[in-house]
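The structure file target-v4.txt is reproduced below (compact mmCIF, C-alpha atoms).
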```txt
# COMPACT_ATOMS: atom_id res chain seq x y z
CA MET A 157 99.49 22.11 -24.06
CA THR A 158 97.33 21.53 -27.16
CA MET A 159 96.68 17.82 -27.52
CA ALA A 160 95.62 15.76 -30.51
CA PRO A 161 92.52 13.58 -30.00
CA PHE A 162 93.45 10.38 -28.22
CA GLY A 163 91.18 8.10 -30.28
CA ARG A 164 91.38 4.45 -29.19
CA THR A 165 92.68 4.56 -25.61
CA ILE A 166 93.69 2.25 -22.77
CA VAL A 167 92.38 3.26 -19.33
CA LEU A 168 94.63 2.04 -16.50
CA ASN A 169 92.83 2.20 -13.15
CA ALA A 170 95.94 2.21 -10.99
CA ALA A 171 96.72 0.97 -7.50
CA ASN A 172 99.20 3.83 -6.94
CA ARG A 173 99.01 7.58 -7.38
CA TRP A 174 101.12 8.86 -10.24
CA ASP A 175 103.27 11.06 -7.98
CA ASP A 176 103.87 8.35 -5.37
CA MET A 177 106.98 6.18 -5.39
CA TRP A 178 107.58 5.06 -8.99
CA MET A 179 105.98 1.60 -9.20
CA ALA A 180 104.72 -0.90 -11.78
CA ASP A 181 101.58 1.07 -12.64
CA GLN A 182 103.37 4.23 -13.73
CA GLN A 183 106.03 2.34 -15.67
CA LEU A 184 103.65 0.08 -17.58
CA ALA A 185 101.44 3.08 -18.46
CA THR A 186 104.44 4.97 -19.83
CA SER A 187 105.62 2.05 -21.95
CA LEU A 188 102.12 1.15 -23.18
CA SER A 189 101.61 4.70 -24.42
CA GLN A 190 104.10 3.91 -27.18
CA PHE A 191 101.47 1.65 -28.75
CA MET A 192 98.19 3.36 -27.80
CA PRO A 193 97.21 6.47 -25.78
CA VAL A 194 96.80 5.78 -22.05
CA LEU A 195 94.65 7.47 -19.42
CA TYR A 196 96.21 6.81 -16.01
CA VAL A 197 93.58 6.94 -13.25
CA ASP A 198 94.82 7.53 -9.70
CA PRO A 199 93.11 5.65 -6.86
CA VAL A 200 90.05 7.61 -5.85
CA GLN A 201 90.85 9.93 -2.93
CA SER A 202 88.64 11.93 -0.59
CA ALA A 203 89.16 15.61 0.19
CA ALA A 204 89.79 14.63 3.82
CA THR A 205 92.61 12.28 2.82
CA ARG A 206 94.09 14.88 0.50
CA ILE A 207 94.15 17.46 3.30
CA ARG A 208 95.65 14.99 5.77
CA GLU A 209 98.44 14.03 3.35
CA ARG A 210 99.12 17.39 1.72
CA GLY A 211 97.91 19.96 4.24
CA TRP A 212 95.12 22.51 4.38
CA SER A 213 96.48 24.38 1.37
CA SER A 214 95.28 21.51 -0.83
CA ALA A 215 91.69 22.22 0.26
CA ARG A 216 91.85 25.82 -0.99
CA ARG A 217 93.28 25.16 -4.44
CA ALA A 218 91.43 23.50 -7.26
CA ARG A 219 92.21 19.86 -7.84
CA PRO A 220 94.34 19.26 -10.94
CA GLY A 221 91.72 16.79 -12.25
CA LEU A 222 92.95 15.89 -15.74
CA THR A 223 96.57 16.62 -16.61
CA PHE A 224 98.77 15.70 -19.55
CA LEU A 225 101.99 13.79 -18.91
CA GLY A 226 102.95 13.41 -22.55
CA PRO A 227 101.47 13.48 -26.06
CA ARG A 228 99.79 10.10 -25.53
CA LEU A 229 99.63 9.88 -21.74
CA ALA A 230 97.18 11.67 -19.41
CA ARG A 231 96.42 11.44 -15.69
CA LEU A 232 93.10 11.71 -13.89
CA GLU A 233 92.78 12.33 -10.12
CA PRO A 234 89.22 11.31 -9.17
CA GLU A 235 87.72 12.42 -5.88
CA GLY A 236 85.40 10.32 -3.73
CA LEU A 237 84.25 9.70 -0.18
CA PRO A 238 86.37 8.74 2.84
CA GLY A 239 86.23 5.16 4.11
CA ILE A 240 87.51 3.31 1.05
CA SER A 241 87.30 -0.17 2.65
CA HIS A 242 83.64 0.13 3.66
CA ARG A 243 81.53 -1.87 1.22
CA GLY A 244 78.93 0.82 0.61
CA ILE A 245 81.54 3.55 0.25
CA THR A 246 83.60 1.35 -2.07
CA ASN A 247 80.67 0.96 -4.45
CA ILE A 248 79.91 4.69 -4.41
CA ASN A 249 83.55 5.61 -5.03
CA ALA A 250 83.77 3.17 -7.94
CA ARG A 251 80.76 4.86 -9.54
CA LEU A 252 82.14 8.35 -8.88
CA SER A 253 85.49 7.39 -10.37
CA ALA A 254 83.84 5.86 -13.46
CA PHE A 255 81.78 9.05 -13.91
CA GLU A 256 84.93 11.20 -13.84
CA VAL A 257 86.70 8.81 -16.24
CA ARG A 258 83.85 9.07 -18.75
CA ALA A 259 84.05 12.87 -18.55
CA ALA A 260 87.83 12.77 -19.03
CA LEU A 261 87.48 10.48 -22.05
CA ARG A 262 85.11 12.99 -23.64
CA ARG A 263 87.62 15.79 -23.08
CA LEU A 264 90.34 13.67 -24.63
CA ALA A 265 88.15 12.70 -27.60
CA ALA A 266 89.02 9.14 -26.59
CA ASP A 267 87.33 5.85 -27.39
CA PRO A 268 88.03 3.43 -24.51
CA PHE A 269 89.45 0.34 -26.17
CA ALA A 270 90.35 -1.48 -22.93
CA SER A 271 90.35 -0.96 -19.19
CA ILE A 272 93.24 -2.40 -17.20
CA GLU A 273 92.08 -2.83 -13.62
CA ALA A 274 94.70 -2.76 -10.85
CA ASN A 275 92.47 -1.19 -8.20
CA VAL A 276 90.42 -3.91 -6.51
CA LEU A 277 88.78 -1.55 -3.99
CA ALA A 278 87.24 0.89 -6.50
CA PRO A 279 87.11 -0.89 -9.87
CA ILE A 280 85.70 0.99 -12.84
CA SER A 281 85.82 -1.84 -15.38
CA GLY A 282 82.52 -2.28 -17.16
CA GLY A 283 81.41 1.23 -16.27
CA ILE A 284 83.28 3.36 -18.80
CA GLY A 285 82.13 1.91 -22.12
CA GLU A 286 85.30 -0.01 -22.86
CA SER A 287 85.44 -2.82 -25.40
CA ARG A 288 87.61 -5.14 -23.27
CA THR A 289 88.11 -5.46 -19.54
CA VAL A 290 91.43 -6.63 -18.14
CA TYR A 291 92.20 -7.58 -14.55
CA TRP A 292 95.87 -6.97 -13.76
CA ALA A 293 96.35 -9.23 -10.72
CA GLN A 294 99.51 -7.78 -9.21
CA ASP A 295 99.59 -9.37 -5.75
CA ASP A 296 97.88 -11.57 -3.20
CA PHE A 297 95.47 -8.81 -2.22
CA GLU A 298 94.18 -10.47 0.94
CA ALA A 299 97.76 -10.61 2.21
CA LEU A 300 98.28 -7.01 1.10
CA ALA A 301 95.43 -5.90 3.36
CA GLY A 302 97.44 -6.87 6.43
CA LEU A 303 100.39 -4.77 5.29
CA VAL A 304 98.42 -1.60 4.61
CA GLY A 305 95.95 -1.93 7.48
CA GLY A 306 92.98 -2.58 5.20
CA ALA A 307 90.07 -4.98 5.50
CA ALA A 308 91.01 -8.37 4.03
CA GLU A 309 87.39 -9.15 3.15
CA SER A 310 87.15 -5.97 1.05
CA TYR A 311 90.23 -6.90 -0.96
CA ALA A 312 89.07 -10.51 -1.33
CA ARG A 313 85.63 -9.39 -2.49
CA GLY A 314 87.10 -7.01 -5.07
CA ASP A 315 89.55 -9.63 -6.32
CA ALA A 316 86.81 -12.26 -6.71
CA ARG A 317 84.58 -9.80 -8.58
CA LEU A 318 87.31 -8.94 -11.07
CA VAL A 319 88.40 -12.55 -11.57
CA ALA A 320 84.81 -13.44 -12.45
CA SER A 321 83.99 -10.46 -14.67
CA ALA A 322 87.17 -9.60 -16.63
CA ASP A 323 87.52 -10.59 -20.26
CA VAL A 324 91.26 -11.10 -19.75
CA VAL A 325 93.33 -11.72 -16.61
CA ILE A 326 97.04 -10.88 -16.47
CA ALA A 327 99.08 -12.14 -13.50
CA ALA A 328 102.17 -10.24 -12.40
CA ASN A 329 104.03 -13.18 -10.86
CA PRO A 330 104.08 -16.99 -10.97
CA ARG A 331 102.44 -17.57 -7.57
CA VAL A 332 99.43 -15.38 -8.42
CA ALA A 333 99.13 -17.03 -11.86
CA ALA A 334 99.08 -20.48 -10.27
CA ALA A 335 96.49 -19.39 -7.71
CA LEU A 336 94.23 -18.02 -10.44
CA ARG A 337 94.50 -21.22 -12.47
CA SER A 338 93.64 -23.28 -9.39
CA ARG A 339 90.44 -21.21 -9.19
CA GLY A 340 89.60 -22.18 -12.76
CA ARG A 341 90.61 -18.88 -14.36
CA ASP A 342 93.13 -18.79 -17.19
CA ALA A 343 95.77 -16.10 -16.64
CA HIS A 344 98.49 -14.67 -18.84
CA LEU A 345 101.77 -14.40 -16.93
CA VAL A 346 103.40 -11.01 -17.55
CA PRO A 347 105.76 -10.32 -14.64
CA PHE A 348 106.87 -6.85 -13.63
CA GLY A 349 109.75 -5.36 -15.56
CA CYS A 350 112.32 -2.65 -14.97
CA ASN A 351 113.40 0.64 -16.46
CA ALA A 352 116.65 -0.89 -17.67
CA GLU A 353 117.90 2.20 -19.46
CA HIS A 354 117.41 4.36 -16.38
CA PHE A 355 119.23 2.07 -13.95
CA SER A 356 122.06 1.32 -16.39
CA ARG A 357 123.09 4.95 -15.87
CA SER A 358 124.74 3.85 -12.63
CA ALA A 359 127.76 2.93 -14.78
CA THR A 360 128.47 6.62 -15.38
CA GLU A 361 127.01 8.20 -12.23
CA ASP A 362 129.11 9.62 -9.40
CA VAL A 363 128.35 8.32 -5.93
CA PRO A 364 126.23 10.99 -4.19
CA SER A 365 128.04 13.24 -1.74
CA ASP A 366 125.80 12.18 1.15
CA VAL A 367 127.12 8.60 0.99
CA SER A 368 130.01 8.37 3.45
CA LEU A 369 130.59 4.60 3.60
CA GLU A 370 133.99 3.19 2.83
CA ARG A 371 133.91 0.67 -0.01
CA PRO A 372 133.15 -2.14 -0.50
CA TYR A 373 129.57 -2.16 0.71
CA ALA A 374 126.19 -3.76 -0.04
CA VAL A 375 123.11 -1.74 -0.91
CA PHE A 376 119.38 -2.11 -0.27
CA VAL A 377 116.94 0.19 -2.10
CA GLY A 378 113.23 0.21 -1.30
CA HIS A 379 110.65 0.43 1.47
CA LEU A 380 112.00 -0.54 4.87
CA GLY A 381 109.13 -2.22 6.65
CA GLU A 382 107.75 -5.53 7.81
CA ARG A 383 108.38 -7.16 4.42
CA ILE A 384 112.11 -6.91 5.16
CA ASP A 385 113.88 -9.49 7.33
CA LEU A 386 115.65 -7.19 9.78
CA THR A 387 117.47 -10.16 11.28
CA ILE A 388 119.41 -10.58 8.04
CA LEU A 389 120.42 -6.92 7.98
CA GLU A 390 121.44 -7.11 11.63
CA ARG A 391 123.52 -10.21 10.98
CA LEU A 392 125.26 -8.55 8.05
CA ALA A 393 126.14 -5.56 10.21
CA SER A 394 127.36 -7.81 13.03
CA GLU A 395 129.79 -9.45 10.58
CA ASP A 396 131.26 -6.02 9.73
CA ILE A 397 129.64 -5.94 6.30
CA ARG A 398 128.97 -2.32 5.42
CA LEU A 399 125.40 -1.49 4.40
CA LEU A 400 123.88 1.41 2.50
CA LEU A 401 120.10 1.60 3.03
CA VAL A 402 118.07 3.79 0.66
CA GLY A 403 114.34 4.21 1.10
CA PRO A 404 111.53 5.31 3.41
CA LEU A 405 110.82 3.68 6.76
CA HIS A 406 107.34 2.20 6.56
CA GLN A 407 104.86 3.31 9.21
CA ARG A 408 104.34 -0.33 10.27
CA ALA A 409 108.07 -1.06 10.63
CA GLU A 410 109.76 -1.97 13.93
CA ARG A 411 111.00 1.57 14.32
CA SER A 412 113.13 1.22 17.46
CA ARG A 413 114.82 -1.91 16.13
CA PHE A 414 115.52 -0.31 12.76
CA GLU A 415 116.87 2.87 14.33
CA ALA A 416 119.26 0.76 16.42
CA LEU A 417 120.46 -0.92 13.22
CA ALA A 418 120.94 2.40 11.44
CA LYS A 419 123.17 3.66 14.27
CA LEU A 420 125.61 0.75 14.02
CA PRO A 421 129.11 1.40 12.65
CA GLY A 422 129.26 0.59 8.97
CA VAL A 423 125.53 1.14 8.40
CA GLN A 424 124.25 4.26 6.66
CA TRP A 425 120.59 5.04 6.05
CA VAL A 426 120.07 8.00 3.74
CA GLY A 427 116.26 7.87 3.79
CA PRO A 428 114.02 8.08 0.71
CA ARG A 429 115.51 9.39 -2.52
CA PRO A 430 113.83 10.38 -5.81
CA PHE A 431 113.51 7.73 -8.50
CA GLU A 432 115.74 9.81 -10.78
CA SER A 433 118.67 9.61 -8.35
CA LEU A 434 118.51 5.89 -7.49
CA PRO A 435 121.11 4.76 -10.09
CA ALA A 436 123.68 7.01 -8.42
CA TYR A 437 123.01 5.39 -5.03
CA MET A 438 123.69 1.99 -6.59
CA ALA A 439 126.86 3.15 -8.35
CA GLY A 440 129.33 2.57 -5.48
CA ALA A 441 127.99 -0.79 -4.27
CA GLU A 442 129.43 -4.23 -4.98
CA VAL A 443 126.33 -6.29 -4.26
CA ALA A 444 122.58 -5.64 -3.84
CA LEU A 445 120.16 -7.14 -1.33
CA VAL A 446 116.62 -8.55 -1.43
CA PRO A 447 116.25 -9.70 2.21
CA TYR A 448 112.50 -10.40 2.18
CA THR A 449 110.68 -12.51 4.71
CA ARG A 450 108.78 -15.56 3.47
CA SER A 451 105.40 -14.03 4.22
CA ARG A 452 102.33 -14.88 2.18
CA PHE A 453 102.45 -11.49 0.49
CA ASN A 454 106.15 -11.67 -0.37
CA LEU A 455 105.82 -15.15 -1.85
CA ALA A 456 103.15 -13.81 -4.22
CA SER A 457 105.08 -10.66 -5.15
CA PHE A 458 107.60 -9.81 -7.84
CA PRO A 459 110.21 -7.45 -6.32
CA LEU A 460 110.94 -4.75 -8.88
CA LYS A 461 114.25 -4.03 -7.20
CA THR A 462 115.78 -7.34 -8.33
CA LEU A 463 115.73 -6.39 -12.00
CA GLU A 464 116.64 -2.78 -11.21
CA TYR A 465 119.75 -3.99 -9.38
CA LEU A 466 120.71 -6.15 -12.37
CA ALA A 467 120.19 -3.20 -14.71
CA ALA A 468 122.65 -1.26 -12.53
CA GLY A 469 125.19 -4.06 -13.06
CA LEU A 470 124.93 -5.43 -9.52
CA PRO A 471 124.92 -9.07 -8.46
CA VAL A 472 122.00 -9.83 -6.15
CA VAL A 473 121.62 -11.88 -2.98
CA SER A 474 117.98 -12.71 -2.27
CA THR A 475 115.90 -14.85 0.00
CA PRO A 476 113.94 -17.52 -1.96
CA LEU A 477 110.91 -16.01 -3.71
CA PRO A 478 109.06 -17.54 -6.69
CA GLY A 479 109.22 -14.25 -8.60
CA VAL A 480 112.97 -13.93 -8.11
CA GLU A 481 113.65 -17.56 -8.96
CA TRP A 482 111.52 -17.24 -12.13
CA ILE A 483 114.12 -14.85 -13.57
CA GLY A 484 116.63 -17.70 -13.48
CA SER A 485 119.87 -15.72 -13.49
CA GLU A 486 123.30 -16.90 -12.38
CA ASP A 487 123.70 -13.41 -10.94
CA ILE A 488 120.87 -13.84 -8.44
CA HIS A 489 122.21 -15.81 -5.48
CA VAL A 490 119.39 -17.31 -3.42
CA ALA A 491 120.02 -17.97 0.26
CA SER A 492 117.28 -19.28 2.53
CA GLU A 493 119.05 -18.97 5.90
CA PRO A 494 120.65 -15.85 7.48
CA ASP A 495 124.06 -17.56 7.72
CA ARG A 496 124.02 -18.49 4.04
CA PHE A 497 122.79 -15.02 3.11
CA VAL A 498 125.66 -13.40 5.01
CA GLY A 499 128.13 -15.85 3.47
CA GLU A 500 127.00 -15.08 -0.09
CA VAL A 501 127.19 -11.33 0.46
CA ASP A 502 130.65 -11.65 1.99
CA ARG A 503 131.85 -13.81 -0.90
CA LEU A 504 130.56 -11.41 -3.57
CA LEU A 505 132.06 -8.42 -1.78
CA SER A 506 135.45 -10.13 -1.76
CA LEU A 507 135.20 -10.97 -5.47
CA GLY A 508 134.21 -7.43 -6.48
CA ARG A 509 132.59 -6.47 -9.74
CA ASP A 510 134.04 -6.89 -13.23
CA ALA A 511 133.13 -5.36 -16.57
CA ALA A 512 132.01 -8.64 -18.13
CA GLY A 513 129.69 -9.44 -15.24
CA ASP A 514 128.23 -5.93 -15.23
CA LEU A 515 127.50 -6.17 -18.97
CA ARG A 516 125.92 -9.62 -18.60
CA ARG A 517 123.60 -8.37 -15.86
CA ARG A 518 122.61 -5.24 -17.77
CA ASN A 519 121.84 -7.27 -20.89
CA LEU A 520 119.62 -9.59 -18.87
CA ALA A 521 117.73 -6.62 -17.44
CA GLN A 522 117.15 -5.29 -20.97
CA ASP A 523 115.36 -8.56 -21.76
CA HIS A 524 113.02 -7.81 -18.84
CA SER A 525 112.44 -4.11 -19.53
CA TRP A 526 109.06 -2.43 -19.16
CA ASP A 527 109.02 -1.93 -22.93
CA ARG A 528 109.19 -5.73 -23.33
CA ARG A 529 106.42 -6.15 -20.76
CA ALA A 530 104.29 -3.55 -22.57
CA GLU A 531 104.79 -5.49 -25.80
CA ALA A 532 103.51 -8.62 -24.03
CA VAL A 533 100.44 -6.82 -22.67
CA ALA A 534 99.75 -5.25 -26.08
CA SER A 535 100.02 -8.69 -27.67
CA VAL A 536 97.52 -10.14 -25.17
CA LEU A 537 95.12 -7.30 -26.05
CA GLY A 538 95.63 -7.71 -29.79
CA ILE A 539 97.23 -4.30 -30.21
CA GLY A 540 99.71 -3.84 -33.03
CA LEU A 541 103.29 -3.37 -31.85
CA ARG A 542 104.11 -0.43 -34.12
CA ARG A 543 105.38 2.35 -31.87
CA ALA A 544 103.87 5.77 -32.55
CA GLY A 545 106.78 7.59 -30.87
CA ALA A 546 108.15 7.45 -27.37
CA SER A 547 106.09 9.01 -24.59
CA ASP A 548 107.91 11.54 -22.46
CA GLY A 549 106.03 10.20 -19.40
CA ARG A 550 107.85 10.94 -16.19
```
Encoding of this model in structure tokens:
Amino acid sequence: MTMAPFGRTIVLNAANRWDDMWMADQQLATSLSQFMPVLYVDPVQSAATRIRERGWSSARRARPGLTFLGPRLARLEPEGLPGISHRGITNINARLSAFEVRAALRRLAADPFASIEANVLAPISGGIGESRTVYWAQDDFEALAGLVGGAAESYARGDARLVASADVVIAANPRVAAALRSRGRDAHLVPFGCNAEHFSRSATEDVPSDVSLERPYAVFVGHLGERIDLTILERLASEDIRLLLVGPLHQRAERSRFEALAKLPGVQWVGPRPFESLPAYMAGAEVALVPYTRSRFNLASFPLKTLEYLAAGLPVVSTPLPGVEWIGSEDIHVASEPDRFVGEVDRLLSLGRDAAGDLRRRNLAQDHSWDRRAEAVASVLGIGLRRAGASDGR
């Protein structure tokens, strides 16, 4: 593919690899590329990690390095040393990643206008010649360390460094914004959004052939791990409420307990499914679930799935979370206790869906689309909102 020079460019140092589960990083990068070219930088990865995750064949073939995802969107896969949480290794990897970014910018004929930093363990901000540095504070990173098996002090150190050094701080949810302000740092609140157009396709999708549940049923889509309150799912199943579970089982999940749940009558777990097919798995449901625990990490998160459910036309039952309550929709039913949660799901299943409600929920999701969030970020950065043409992204 012959590419035009990128010129002024945003560099997004992401927390997630581009080809991992489709998360906030990939979606914001795609939407931002409508306003300015974007270089998406994967988290730095060692050859040893690549081989462990993708097999020995990945050691024999050349790394993709820099690839083009669209006319104004490119991806860089930097390589570093193993031991990402070790302080000395972290600093080396940050320098290696910044070196590769500078080389990629030269290849793209790009002038780095701003860096958006979402990677607290190997930040490159300030090392790539950008005009503005932005810290995108997505989560409570110390709490995240416990979920991913990382060192809390490494995440805390990286977070503190970015809070102190960034020209601009953007918080992804109300709890993180409040925490930053209590530390004396002004933060722009730009919550996560959703790909509203994509999930609205559930209105015309056929239910996949591998879904065998009798309707009506409730659906959960996402990672199944320790963030999820299994007690709520177990209680739903015990009340003969049919459940469709879509998503991977996290390595730190209570595997034996989850497997017992998945074997119950009226419960079907289909495993992980590609992002492109998720609207179809929502198409046959009557209600969608956000059964999160009230952990420190969850309270400082903004579950993407809530808006995705609404975009699919589904009413939502959720445990109380500041990010969910911030949306302020009559179609998000908050229940703090398992009994109330079960009661709300049962009530919504008995009511069923209607065309007016589906339209109302889809319209609300459009107001919270990633394009709207990209407009907010561009406004914070002083970038004009004239779109140069849609990126073909994913």
| Residue contacts of region 447-459 of chain A (9 Å, all atoms listed in the file) excluding same-chain residues fewer than 2 positions away, as JSON, numbers by chain | {"A": [294, 295, 296, 297, 298, 299, 300, 303, 328, 329, 330, 331, 332, 347, 348, 376, 382, 383, 384, 385, 386, 388, 389, 445, 461, 462, 463, 473, 474, 475, 476, 477, 478, 479, 480, 497]}
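Between CA of Pro268 (chain A) and CA of Gly340 (chain A) the separation is 28.2 Å.
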| task | Can you work out which one of A:Ser535, A:Thr165, A:Gln182, A:Ser368 has the shortest atom-to-atom distance to Gly349 (chain A), counting only C-alpha atoms? | result |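 Closest residue, counting only C-alpha atoms: A:Gln182.
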| field | Non-local contacts of region 510-522 of chain A (6 Å; only C-alpha atoms; under 3 positions in same chain excluded) as a PyMOL selection string | value | chain A and resi 352+463+466-467+469+525
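Near (96.3, 2.9, -11.1), the residues inside the 7 Å limit, counting all atoms listed in the file, come to Leu168, Asn169, Ala170, Ala171, Asn172, Arg173, Asp181, Tyr196, Val197, Asp198, Pro199, Ala274 and Asn275 of chain A.
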| query | What does the distance from CA of Leu380 (chain A) to CA of Ala335 (chain A) come to in Å, to one decimal? | reply |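 Atom-to-atom, CA of Leu380 (chain A) and CA of Ala335 (chain A) are spaced 27.5 Å apart.
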Could you give me region 343-365 of chain A completed to N, CA and C atoms, formatted as a CSV table (one decimal), keeping the file's coordinate frame?
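Full text of part.csv as output:
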```
chain,number,residue,atom,x,y,z
A,343,ALA,N,95.1,-17.4,-16.9
A,343,ALA,CA,95.8,-16.1,-16.6
A,343,ALA,C,97.0,-16.1,-17.5
A,344,HIS,N,97.3,-14.9,-18.1
A,344,HIS,CA,98.5,-14.7,-18.8
A,344,HIS,C,99.5,-14.2,-17.9
A,345,LEU,N,100.7,-14.8,-17.8
A,345,LEU,CA,101.8,-14.4,-16.9
A,345,LEU,C,102.6,-13.3,-17.6
A,346,VAL,N,102.5,-12.1,-17.1
A,346,VAL,CA,103.4,-11.0,-17.6
A,346,VAL,C,104.0,-10.4,-16.3
A,347,PRO,N,105.2,-10.8,-15.9
A,347,PRO,CA,105.8,-10.3,-14.6
A,347,PRO,C,106.1,-8.8,-14.8
A,348,PHE,N,106.4,-8.2,-13.6
A,348,PHE,CA,106.9,-6.8,-13.6
A,348,PHE,C,108.2,-6.8,-14.4
A,349,GLY,N,108.5,-5.6,-14.9
A,349,GLY,CA,109.8,-5.4,-15.6
A,349,GLY,C,110.6,-4.3,-14.8
A,350,CYS,N,111.5,-3.7,-15.6
A,350,CYS,CA,112.3,-2.6,-15.0
A,350,CYS,C,112.6,-1.6,-16.0
A,351,ASN,N,112.9,-0.4,-15.6
A,351,ASN,CA,113.4,0.6,-16.5
A,351,ASN,C,114.9,0.5,-16.6
A,352,ALA,N,115.3,-0.5,-17.5
A,352,ALA,CA,116.6,-0.9,-17.7
A,352,ALA,C,117.6,0.3,-18.1
A,353,GLU,N,117.1,1.1,-19.0
A,353,GLU,CA,117.9,2.2,-19.5
A,353,GLU,C,118.2,3.2,-18.3
A,354,HIS,N,117.2,3.4,-17.5
A,354,HIS,CA,117.4,4.4,-16.4
A,354,HIS,C,118.5,3.8,-15.4
A,355,PHE,N,118.3,2.6,-15.0
A,355,PHE,CA,119.2,2.1,-14.0
A,355,PHE,C,120.6,1.7,-14.5
A,356,SER,N,120.7,1.5,-15.8
A,356,SER,CA,122.1,1.3,-16.4
A,356,SER,C,122.9,2.6,-16.3
A,357,ARG,N,122.3,3.7,-16.0
A,357,ARG,CA,123.1,5.0,-15.9
A,357,ARG,C,124.0,4.9,-14.7
A,358,SER,N,123.8,3.9,-13.8
A,358,SER,CA,124.7,3.8,-12.6
A,358,SER,C,126.2,3.7,-13.1
A,359,ALA,N,126.4,3.2,-14.3
A,359,ALA,CA,127.8,2.9,-14.8
A,359,ALA,C,128.5,4.2,-14.9
A,360,THR,N,127.8,5.3,-15.1
A,360,THR,CA,128.5,6.6,-15.4
A,360,THR,C,128.2,7.7,-14.3
A,361,GLU,N,127.4,7.3,-13.3
A,361,GLU,CA,127.0,8.2,-12.2
A,361,GLU,C,128.1,8.3,-11.2
A,362,ASP,N,128.3,9.5,-10.6
A,362,ASP,CA,129.1,9.6,-9.4
A,362,ASP,C,128.3,9.2,-8.2
A,363,VAL,N,129.0,8.6,-7.2
A,363,VAL,CA,128.4,8.3,-5.9
A,363,VAL,C,127.9,9.6,-5.3
A,364,PRO,N,126.7,9.7,-4.8
A,364,PRO,CA,126.2,11.0,-4.2
A,364,PRO,C,127.1,11.4,-3.0
A,365,SER,N,127.2,12.7,-2.8
A,365,SER,CA,128.0,13.2,-1.7
A,365,SER,C,127.6,12.9,-0.3
```
